[in-house]
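Here's the structure, in structure tokens; my notes come after.
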Amino acid sequence: MSTTYHSPSPASASQHALPDPGERIPTLSWPIVGLCAGALAVFGVSTWAALTGTAPAIVTIAASSAAIFVLFTVLHDASHYSISSRRWVNVAFGRVAMFFVSPLISFKSFAFIHIEHHRNTNDGEFDPDHFVSAAPWWQLPVRFPAMDLPYISFLVRNVRRRPRAEVLETAALMTFSLTAIVAAACTGYLWTLAVVCLIPGRVAMFVLAWWFDWLPHHDLKDTQRENRYRATRNRVGSEWILTPLLLSQNYHLVHHLHPSIPFYRYVAAWRRNEAAYLERDSAISTVFGQQLDAAQYREWKRLNGTLAALLPTRMPRSSSARYVGTHPIPVKSVEPLTPDSVEVTFDVPDHLSDRFRFRAGQHLTVRHRIGGREVRRNYSICTSATSGELAIGVRRVAGGLFSNFAVDTLRAGDILELMTPTGSFGAPLDPLARRDYVAVAAGSGITPILSIVRTTMEIETESRFTLFYGNRTAESTMFAAEVDELESRYADRLRVFHVRSGEAHHHPVAVRGRIDLAMVRRLLGGDLASIDRWYLCGPGDLVTTMCDGLAVEAVPAERIHLELFCGTRQSTHVDDYADAEVTITLAGAGYTVDLAAGETVLESALKNDIDAPYACLGGACGTCKARIITGAVSMEQNLALTAAEVDAGFILTCQSHPSTSTVAIAYDS
């Protein structure tokens, strides 16, 4: 399944990696629930007071403005999927909050625009918030309350890139808002509408633009891509009042570096990462605007109190399994991804959790009996290696026995036989590394790439990733929501190009058709040989063509990692080989068997009822990997082992024919 080449980790000038911020996305963020409920209650009471004349207009306007200001934090966290690990919960909260903050655009449109701000912070017209952060001081009183207008303009310029449903939702909201204003004016209730929502909306927008945009970004010249530590700032001092008043946006730098952290955990994340931030010359100012370098900040902190020290980086541990073993594992859930694909999540028992740890890019071999026939299939793991979750993506294949069973019949609670994770598609990660990665995936080839992207973004906090993801249509795109969520969370470090071959009107035109090297070169806009690692996964013609093209572009072979969907069985001529005696060590037991001329080592093992691990039988997956102890073999083909593994004596037993009269191999190495 893979021929991989490992590159050494580059040295880094930094002494501290940015550790895991320690803030996992909750199943449900109760602080946000409380904030949302409280704000809606305040808005409801102030509206009632305005309609009944119970309180002066100035009081109801102030109360409603405060409620809208608070609801923006709900909207903001929803746009980064920080409210819940369940995507629909974020969308639900986001849509509710968006209606109060600015009912002129949809939540999905706001999320798109806001992510563009993260990706292009301080970068002129590409940053929608530049309208405020770069404005002359004398224009600020006018621009602050009109902050949503450049958002509408930005959306119009990019409307052809957005899904039709999102555009229609935005159009419906605009129509509703304008109709309500016209109707109120015609019926004599315009002042009432103004007091209830129009004026509070502008007041809240003024404060939001001031506190969430201008204070963190003004007068900073670096863009997010040039220096993510100096594209926005933290503002320290008077935190007893500033942190609750600004809803933690005085630590806006933390938000841009870790967008998925809930707002109420920014300070905790800063404390965990402080030494690493200071080492990178992060932008810091006091509450009064005095800029501090690292030495000045340390002195300021000495005079104003202490923060917690740096904690260790959380790296995923590898599997404790010494050899590939098979275990019955319950299915936790089967979730549809597209009409013909599902995500299967497994409920690994605690006593097997060590054995089922994995490295990003590894795969599982699934063994199951269907209609009285044993079926073995290989599926790449799609979850992050740090998540503690184990899941695979399965796409229906015409005539595919297991894939059709998985899509149509498999349910939560069913038991499947799983082999412990194998494969070497992924490469070692270094928390101190600053690398540029590019991945090219097509169709279900996204599955291992998704695991690699997720894990890399979490561990290598300075590295950047570009993903080219090819599909026929949006509807056939596996893990579309998950990829979108990743792009939202790592906006300044992750770019995704969705390439569609079956949509004649897909925009932009540059990503219409099939992925090829010319498209990749054009969209990257740089030297292909400067990329630190390439990951290629998908149909054989795509992967091999891309690999050959990169070689022509002088990309070193050790930087290219390949994963093919399957290998091919080679025709074997018996006359080319001789009989042999093979000794096999598996699970601590030794077996000696006779091997007939033309048989592979694996075939001789299976013929003698030795439960040796295997899956594809084509030299592509690496499941049957073993180490040769004595003797020698020749392999028909190798699409799974690295050059270093071959040099270390590893072989693919499904492809290996003895070239000496006696051979000893061990699966336990």
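FYI, nothing fancy with the structure tokens labels: chains A, B, ... in order, residues from 1 per chain, ligands from 1 as they appear.
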
*Using only C-alpha atoms, which residues sit within 8 Å of His118 of chain A once same-chain residues fewer than 6 positions away are excluded, as JSON, numbers by chain?*
{"A": [127, 224, 256, 491, 492]}

> Hey, what's within 10 Å of Asp347 of chain A if we count only C-alpha atoms and toss same-chain stuff fewer than 3 positions away? As a list in words, please?
Replying inline: Ile329, Pro330, Val331, Lys332, Ser333, Asp350, Ser353, Glu389, Leu390, Ala391, Ala412, Gly413 and Ile415 of chain A

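Rounded to one decimal, atom CA of Pro336 of chain A and atom CA of Ala474 of chain A lie 14.7 Å from each other.
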
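Excluding Thr383 of chain A itself and same-chain residues fewer than 3 positions from it, the residues having an atom within 10 Å of it are Thr345, Phe358, Ala360, Gly361, Ser380, Thr386, Ser387, Gly388, Glu389, Leu390, Ala391, Ile392, Gly393, Thr447, Pro448, Ile449, Leu450, Ser451, Ile452, Val453, Arg454 and Thr455 of chain A, counting only C-alpha atoms.
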
Counting only C-alpha atoms, the residue among A:Thr73, A:Ser501, A:Ser133, A:Thr27 that lies closest to Phe263 of chain A is A:Thr73

Skipping near chain neighbours, those fewer than 2 positions away, what residues fall within 8 Å of Glu553 of chain A using only C-alpha atoms, listed as a CSV table (one decimal) with N, CA, C and O atoms, in the first residue's frame?
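Now in part.csv:
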```
chain,number,residue,atom,x,y,z
A,528,LEU,N,8.6,23.6,-6.3
A,528,LEU,CA,8.1,22.3,-5.7
A,528,LEU,C,9.1,21.6,-4.9
A,528,LEU,O,8.8,20.9,-4.0
A,529,ALA,N,10.4,21.8,-5.3
A,529,ALA,CA,11.5,21.1,-4.6
A,529,ALA,C,11.7,21.7,-3.2
A,529,ALA,O,12.4,21.1,-2.4
A,549,GLY,N,6.3,13.0,-12.0
A,549,GLY,CA,6.4,14.5,-12.3
A,549,GLY,C,7.3,15.2,-11.2
A,549,GLY,O,8.1,16.1,-11.6
A,550,LEU,N,7.1,14.8,-10.0
A,550,LEU,CA,7.9,15.4,-8.9
A,550,LEU,C,9.4,15.1,-9.1
A,550,LEU,O,10.3,15.9,-8.8
A,551,ALA,N,9.7,13.9,-9.5
A,551,ALA,CA,11.1,13.5,-9.8
A,551,ALA,C,11.7,14.4,-10.8
A,551,ALA,O,12.8,14.8,-10.7
A,555,VAL,N,12.4,17.0,-7.1
A,555,VAL,CA,12.1,16.8,-5.7
A,555,VAL,C,12.8,15.5,-5.2
A,555,VAL,O,12.6,14.4,-5.8
```
